[in-house]
>>> print(open('target23.txt').read())   # compact mmCIF, C-alpha atoms
# COMPACT_ATOMS: atom_id res chain seq x y z
CA MET A 282 163.20 90.17 114.28
CA LYS A 283 161.90 93.38 112.69
CA THR A 284 158.37 94.11 111.43
CA PHE A 285 157.47 97.18 109.37
CA SER A 286 154.31 99.25 109.07
CA ASP A 287 153.17 97.51 105.86
CA GLY A 288 153.49 94.05 107.41
CA SER A 289 156.87 93.29 105.83
CA PHE A 290 159.33 91.65 108.16
CA LEU A 291 162.96 90.62 108.37
CA GLU A 292 164.41 87.64 110.14
CA TYR A 293 167.51 85.50 110.22
CA GLY A 294 167.42 81.92 109.03
CA GLN A 295 169.55 79.12 107.70
CA GLY A 296 171.25 80.08 104.45
CA ASN A 297 173.77 78.31 102.25
CA PHE A 298 176.69 79.24 104.49
CA ASP A 299 175.38 79.88 107.98
CA SER A 300 172.31 80.46 110.13
CA HIS A 301 172.54 84.24 109.86
CA CYS A 302 171.10 84.67 106.41
CA VAL A 303 168.77 87.69 106.22
CA PHE A 304 165.28 86.88 104.92
CA LEU A 305 162.69 89.43 103.83
CA THR A 306 158.97 88.69 103.65
CA ARG A 307 156.68 91.29 102.07
CA PRO A 308 152.87 91.22 101.97
CA GLN A 309 151.60 88.79 99.34
CA LYS A 310 155.16 87.76 98.44
CA SER A 311 157.30 84.77 99.32
CA ARG A 312 160.09 84.92 101.86
CA TYR A 313 163.50 85.30 100.23
CA ALA A 314 167.08 86.27 100.96
CA PRO A 315 167.85 89.62 99.28
CA LYS A 316 171.13 89.64 97.39
CA ASP A 317 173.76 92.32 97.92
CA SER A 318 173.17 93.57 94.38
CA GLU A 319 169.47 94.18 95.15
CA TYR A 320 169.95 96.41 98.17
CA PHE A 321 173.04 97.96 96.60
CA GLN A 322 170.85 98.99 93.65
CA PHE A 323 168.42 100.62 96.06
CA ILE A 324 171.31 102.57 97.64
CA VAL A 325 172.47 103.79 94.22
CA ASP A 326 168.95 104.85 93.23
CA LEU A 327 168.51 106.63 96.55
CA ALA A 328 171.82 108.48 96.11
CA GLU A 329 170.80 109.60 92.62
CA ARG A 330 167.67 111.14 94.08
CA PHE A 331 168.90 112.52 97.42
CA GLY A 332 172.65 112.90 96.91
CA VAL A 333 175.66 110.67 97.50
CA ASP A 334 176.89 112.52 100.58
CA ARG A 335 173.54 112.29 102.35
CA VAL A 336 172.98 108.60 101.62
CA TYR A 337 176.57 107.62 102.41
CA GLY A 338 176.49 109.69 105.60
CA ASP A 339 173.30 107.95 106.74
CA PHE A 340 174.78 104.56 105.87
CA VAL A 341 177.94 105.35 107.86
CA LEU A 342 175.85 106.28 110.92
CA ILE A 343 174.31 102.80 110.78
CA TYR A 344 177.64 101.15 109.99
CA GLU A 345 179.37 102.75 112.97
CA SER A 346 176.59 101.56 115.29
CA THR A 347 176.71 97.96 114.06
CA LYS A 348 177.97 95.29 116.45
CA ASN A 349 177.60 91.50 116.35
CA PHE A 350 174.02 91.67 117.64
CA ALA A 351 170.92 93.70 116.82
CA GLU A 352 170.13 96.64 119.05
CA ASP A 353 166.73 98.30 119.39
CA LEU A 354 168.48 101.67 119.62
CA VAL A 355 170.04 101.18 116.16
CA LEU A 356 166.75 99.97 114.69
CA GLN A 357 165.14 103.12 116.09
CA LYS A 358 167.94 105.22 114.59
CA ILE A 359 167.27 103.60 111.20
CA GLU A 360 163.58 104.53 111.51
CA GLU A 361 164.52 108.13 112.34
CA ILE A 362 166.96 108.36 109.43
CA SER A 363 164.40 106.83 107.07
CA ALA A 364 161.65 109.28 108.06
CA ALA A 365 163.61 112.09 106.41
CA TYR A 366 163.29 110.38 103.01
CA GLU A 367 159.63 111.40 102.76
CA GLU A 368 157.47 109.11 100.60
CA LEU A 369 160.31 106.57 100.34
CA SER A 370 160.70 106.29 104.11
CA LEU A 371 159.27 102.76 104.37
CA ASP A 372 161.50 101.38 101.61
CA VAL A 373 164.52 103.20 103.03
CA CYS A 374 163.78 101.74 106.43
CA ILE A 375 163.44 98.22 105.03
CA TRP A 376 166.61 98.32 102.91
CA PHE A 377 168.77 100.07 105.51
CA THR A 378 167.60 97.45 108.01
CA VAL A 379 168.44 94.65 105.56
CA LEU A 380 171.91 96.16 105.22
CA TYR A 381 172.21 96.53 109.01
CA MET A 382 171.26 92.90 109.55
CA ALA A 383 173.66 91.81 106.78
CA MET A 384 176.48 93.69 108.52
CA ILE A 385 175.59 91.96 111.81
CA ALA A 386 175.77 88.64 109.97
CA GLU A 387 179.24 89.57 108.69
CA GLU A 388 180.30 90.41 112.24
CA LEU A 389 179.12 86.95 113.36
CA LYS A 390 181.02 85.00 110.71
CA PHE A 391 183.77 83.14 112.51
CA LYS A 392 186.27 83.12 109.65
CA ALA A 393 185.45 86.55 108.24
CA ILE A 394 188.37 88.87 108.92
CA LEU A 395 187.00 92.04 107.34
CA LYS A 396 183.60 91.65 109.02
CA LYS A 397 181.18 94.52 108.26
CA ARG A 398 183.85 96.45 106.35
CA ILE A 399 183.09 94.29 103.32
CA LYS A 400 179.62 95.87 103.08
CA ARG A 401 181.04 99.35 103.52
CA LEU A 402 183.52 98.66 100.74
CA GLY A 403 180.66 97.72 98.41
CA VAL A 404 178.66 100.84 99.25
CA HIS A 405 181.75 103.04 98.87
CA GLN A 406 182.65 101.47 95.53
CA MET A 407 179.19 102.19 94.12
CA LEU A 408 178.86 105.72 95.43
CA PHE A 409 182.42 106.95 94.90
CA ASP A 410 184.29 104.57 92.59
CA GLY A 411 181.76 104.13 89.79
CA PHE A 412 181.05 100.45 90.38
CA THR A 413 177.67 99.04 89.40
CA PRO A 414 175.76 97.23 92.17
CA GLY A 415 176.64 93.91 90.54
CA GLN A 416 180.34 94.77 90.33
CA ALA A 417 180.41 95.91 93.96
CA ALA A 418 178.58 92.76 95.10
CA GLU A 419 181.04 90.48 93.28
CA PHE A 420 184.27 92.43 93.83
CA SER A 421 185.49 90.66 96.96
CA LYS A 422 184.86 87.12 95.70
CA GLY A 423 188.13 85.28 95.18
CA ARG A 424 190.26 88.08 96.63
CA GLY A 425 192.39 87.63 99.71
CA TRP A 426 191.53 89.43 102.92
CA ARG A 427 194.88 91.28 102.95
CA GLU A 428 194.21 92.83 99.55
CA LEU A 429 190.68 93.82 100.59
CA ASP A 430 191.92 95.13 103.93
CA GLU A 431 194.39 97.39 102.10
CA ILE A 432 191.66 98.64 99.75
CA CYS A 433 189.47 99.47 102.78
CA LYS A 434 192.33 101.24 104.54
CA GLN A 435 193.00 103.33 101.43
CA ARG A 436 189.39 104.52 101.65
CA GLY A 437 189.68 105.39 105.33
CA PHE A 438 187.94 102.46 107.00
>>> encode(input="target23.txt", output="structure tokens")
Amino acid sequence: MKTFSDGSFLEYGQGNFDSHCVFLTRPQKSRYAPKDSEYFQFIVDLAERFGVDRVYGDFVLIYESTKNFAEDLVLQKIEEISAAYEELSLDVCIWFTVLYMAMIAEELKFKAILKKRIKRLGVHQMLFDGFTPGQAAEFSKGRGWRELDEICKQRGF
């Protein structure tokens, strides 16, 4: 679905739960499905270097553009956002695109009530609530959608 300048590419495939699992293939590395905690860690590291407000603001621009299908315009917007991160632009582009595709997958889940908001909750928890990437990735597991919906609403989304 998306190829990057270094030859890395992202695609959807069959995962444990559905056919919208995001897979990343990097040069000389095996195809795998990145875990939330992996790209969440990248977001935290990026925020430490460039500032929470900037990284969260860029994430929200992508979040607000996310629907239940990929759009070239949004992929282009991700490339433009990423270019401003200088020497990290390729990695930013890859990980923001992984997150974008993961949000699309959430939007496509038939039984998911919170949809992409679950990813925004994780990003918000890490950047503003002091959660580690692992804690943010695991937080929603076993919790009811009403409780999570209320937590999202309290944070303004």
>>> atom_distance(input="target23.txt", atom1="atom CA of Lys397 of chain A", atom2="atom CA of Lys348 of chain A")
8.8 Å
>>> closest_residue(input="target23.txt", among="A:Asn297, A:Thr413, A:Ser289, A:Gln406", to="Cys433 of chain A", atoms="only C-alpha atoms")
A:Gln406
>>> atom_distance(input="target23.txt", atom1="atom CA of Asp410 of chain A", atom2="atom CA of Leu356 of chain A")
28.6 Å
>>> closest_residue(input="target23.txt", among="A:Val379, A:Ile385, A:Leu395, A:Cys374", to="Asp287 of chain A", atoms="all atoms listed in the file")
A:Cys374
>>> closest_residue(input="target23.txt", among="A:Leu408, A:Leu389, A:Ala383, A:Leu354", to="Pro315 of chain A", atoms="all atoms listed in the file")
A:Ala383
>>> residues_around(input="target23.txt", residues="Ile359 of chain A", least_positions_apart="6", cutoff="8 Å", atoms="only C-alpha atoms", output="list in words")
Ile343, Cys374, Phe377 and Thr378 of chain A
>>> atom_distance(input="target23.txt", atom1="atom CA of Phe298 of chain A", atom2="atom CA of Lys316 of chain A")
13.8 Å
>>> residues_around(input="target23.txt", residues="Ala393 of chain A", least_positions_apart="5", cutoff="9 Å", atoms="only C-alpha atoms", output="JSON, numbers by chain")
{"A": [387, 388, 426]}
>>> residues_around(input="target23.txt", residues="Lys310 of chain A", least_positions_apart="5", cutoff="12 Å", atoms="only C-alpha atoms", output="list in words")
Gly288, Ser289, Phe290 and Leu305 of chain A
>>> closest_residue(input="target23.txt", among="A:Met407, A:Lys358, A:Gln416, A:Arg312", to="Tyr344 of chain A", atoms="only C-alpha atoms")
A:Lys358
>>> closest_residue(input="target23.txt", among="A:Ile399, A:Gly437, A:His405, A:Leu429", to="Tyr337 of chain A", atoms="only C-alpha atoms")
A:His405
>>> residues_around(input="target23.txt", residues="Ser318 of chain A", least_positions_apart="5", cutoff="10 Å", atoms="all atoms listed in the file", output="list in words")
Phe323, Ile324, Gly403, Thr413, Pro414, Gly415, Gln416, Ala417, Ala418 and Glu419 of chain A
>>> decode(input="target23.txt", residues="segment 383-398 of chain A", atoms="all heavy atoms", output="short mmCIF file (atom, residue, chain, number, x, y, z; two decimals), in the first residue's frame")
data_model
loop_
_atom_site.label_atom_id
_atom_site.label_comp_id
_atom_site.auth_asym_id
_atom_site.auth_seq_id
_atom_site.Cartn_x
_atom_site.Cartn_y
_atom_site.Cartn_z
N ALA A 383 -3.07 1.87 11.22
CA ALA A 383 -3.66 1.20 12.38
C ALA A 383 -4.99 1.86 12.75
O ALA A 383 -5.95 1.17 13.13
CB ALA A 383 -2.69 1.23 13.56
N MET A 384 -5.07 3.19 12.63
CA MET A 384 -6.34 3.87 12.91
C MET A 384 -7.39 3.50 11.87
O MET A 384 -8.57 3.33 12.21
CB MET A 384 -6.13 5.38 12.99
CG MET A 384 -5.40 5.81 14.23
SD MET A 384 -5.37 7.60 14.52
CE MET A 384 -4.31 8.16 13.19
N ILE A 385 -6.99 3.38 10.61
CA ILE A 385 -7.92 2.92 9.57
C ILE A 385 -8.44 1.53 9.93
O ILE A 385 -9.65 1.26 9.83
CB ILE A 385 -7.25 2.91 8.18
CG1 ILE A 385 -6.94 4.34 7.72
CG2 ILE A 385 -8.14 2.20 7.15
CD1 ILE A 385 -6.04 4.42 6.49
N ALA A 386 -7.55 0.66 10.35
CA ALA A 386 -7.95 -0.70 10.74
C ALA A 386 -8.96 -0.66 11.88
O ALA A 386 -9.94 -1.41 11.87
CB ALA A 386 -6.72 -1.51 11.13
N GLU A 387 -8.76 0.24 12.84
CA GLU A 387 -9.73 0.39 13.94
C GLU A 387 -11.08 0.85 13.40
O GLU A 387 -12.13 0.40 13.86
CB GLU A 387 -9.22 1.38 14.99
CG GLU A 387 -7.99 0.92 15.74
CD GLU A 387 -8.23 -0.19 16.75
OE1 GLU A 387 -9.40 -0.56 16.99
OE2 GLU A 387 -7.24 -0.72 17.28
N GLU A 388 -11.05 1.75 12.44
CA GLU A 388 -12.29 2.25 11.85
C GLU A 388 -13.04 1.14 11.11
O GLU A 388 -14.26 1.16 11.01
CB GLU A 388 -12.01 3.40 10.88
CG GLU A 388 -11.58 4.69 11.56
CD GLU A 388 -12.68 5.33 12.37
OE1 GLU A 388 -13.73 5.69 11.80
OE2 GLU A 388 -12.50 5.47 13.59
N LEU A 389 -12.32 0.15 10.61
CA LEU A 389 -12.92 -0.94 9.84
C LEU A 389 -13.45 -2.09 10.71
O LEU A 389 -14.21 -2.92 10.23
CB LEU A 389 -11.91 -1.50 8.84
CG LEU A 389 -11.58 -0.58 7.68
CD1 LEU A 389 -10.37 -1.10 6.91
CD2 LEU A 389 -12.78 -0.42 6.75
N LYS A 390 -13.03 -2.12 11.98
CA LYS A 390 -13.48 -3.20 12.85
C LYS A 390 -14.97 -3.08 13.11
O LYS A 390 -15.45 -2.07 13.62
CB LYS A 390 -12.71 -3.18 14.18
CG LYS A 390 -11.29 -3.65 14.04
CD LYS A 390 -10.60 -3.66 15.39
CE LYS A 390 -9.15 -4.09 15.22
NZ LYS A 390 -8.41 -3.96 16.48
N PHE A 391 -15.68 -4.13 12.76
CA PHE A 391 -17.14 -4.12 12.84
C PHE A 391 -17.64 -3.88 14.26
O PHE A 391 -18.53 -3.09 14.48
CB PHE A 391 -17.69 -5.44 12.29
CG PHE A 391 -19.18 -5.55 12.36
CD1 PHE A 391 -19.98 -4.75 11.56
CD2 PHE A 391 -19.78 -6.43 13.24
CE1 PHE A 391 -21.36 -4.84 11.62
CE2 PHE A 391 -21.16 -6.52 13.31
CZ PHE A 391 -21.96 -5.73 12.50
N LYS A 392 -17.06 -4.57 15.22
CA LYS A 392 -17.55 -4.49 16.60
C LYS A 392 -16.88 -3.40 17.42
O LYS A 392 -17.28 -3.16 18.55
CB LYS A 392 -17.36 -5.84 17.29
CG LYS A 392 -18.24 -6.92 16.71
CD LYS A 392 -18.10 -8.20 17.48
CE LYS A 392 -19.02 -9.26 16.90
NZ LYS A 392 -18.98 -10.49 17.67
N ALA A 393 -15.88 -2.74 16.89
CA ALA A 393 -15.19 -1.69 17.64
C ALA A 393 -16.08 -0.45 17.72
O ALA A 393 -16.49 0.10 16.70
CB ALA A 393 -13.86 -1.36 16.99
N ILE A 394 -16.38 -0.03 18.92
CA ILE A 394 -17.25 1.13 19.11
C ILE A 394 -16.42 2.41 19.15
O ILE A 394 -16.81 3.43 18.60
CB ILE A 394 -18.08 0.96 20.39
CG1 ILE A 394 -19.03 -0.24 20.20
CG2 ILE A 394 -18.86 2.23 20.73
CD1 ILE A 394 -19.75 -0.67 21.43
N LEU A 395 -15.26 2.36 19.77
CA LEU A 395 -14.43 3.55 19.93
C LEU A 395 -13.66 3.90 18.67
O LEU A 395 -13.20 5.03 18.52
CB LEU A 395 -13.47 3.38 21.10
CG LEU A 395 -14.14 3.19 22.46
CD1 LEU A 395 -13.09 2.90 23.51
CD2 LEU A 395 -14.96 4.39 22.84
N LYS A 396 -13.48 2.92 17.79
CA LYS A 396 -12.78 3.11 16.52
C LYS A 396 -11.40 3.72 16.75
O LYS A 396 -10.69 3.31 17.65
CB LYS A 396 -13.63 3.94 15.55
CG LYS A 396 -15.02 3.39 15.30
CD LYS A 396 -14.98 2.15 14.47
CE LYS A 396 -16.37 1.67 14.10
NZ LYS A 396 -16.33 0.45 13.33
N LYS A 397 -11.03 4.72 15.97
CA LYS A 397 -9.68 5.29 16.02
C LYS A 397 -9.39 6.01 17.33
O LYS A 397 -8.23 6.25 17.67
CB LYS A 397 -9.45 6.23 14.84
CG LYS A 397 -10.33 7.48 14.86
CD LYS A 397 -10.13 8.33 13.63
CE LYS A 397 -11.06 9.54 13.66
NZ LYS A 397 -10.88 10.36 12.46
N ARG A 398 -10.43 6.34 18.10
CA ARG A 398 -10.21 7.05 19.37
C ARG A 398 -9.34 6.24 20.32
O ARG A 398 -8.66 6.82 21.16
CB ARG A 398 -11.54 7.40 20.04
CG ARG A 398 -12.28 8.49 19.31
CD ARG A 398 -13.41 9.08 20.12
NE ARG A 398 -14.36 8.07 20.51
CZ ARG A 398 -15.16 8.17 21.58
NH1 ARG A 398 -15.11 9.22 22.37
NH2 ARG A 398 -16.02 7.22 21.87
#
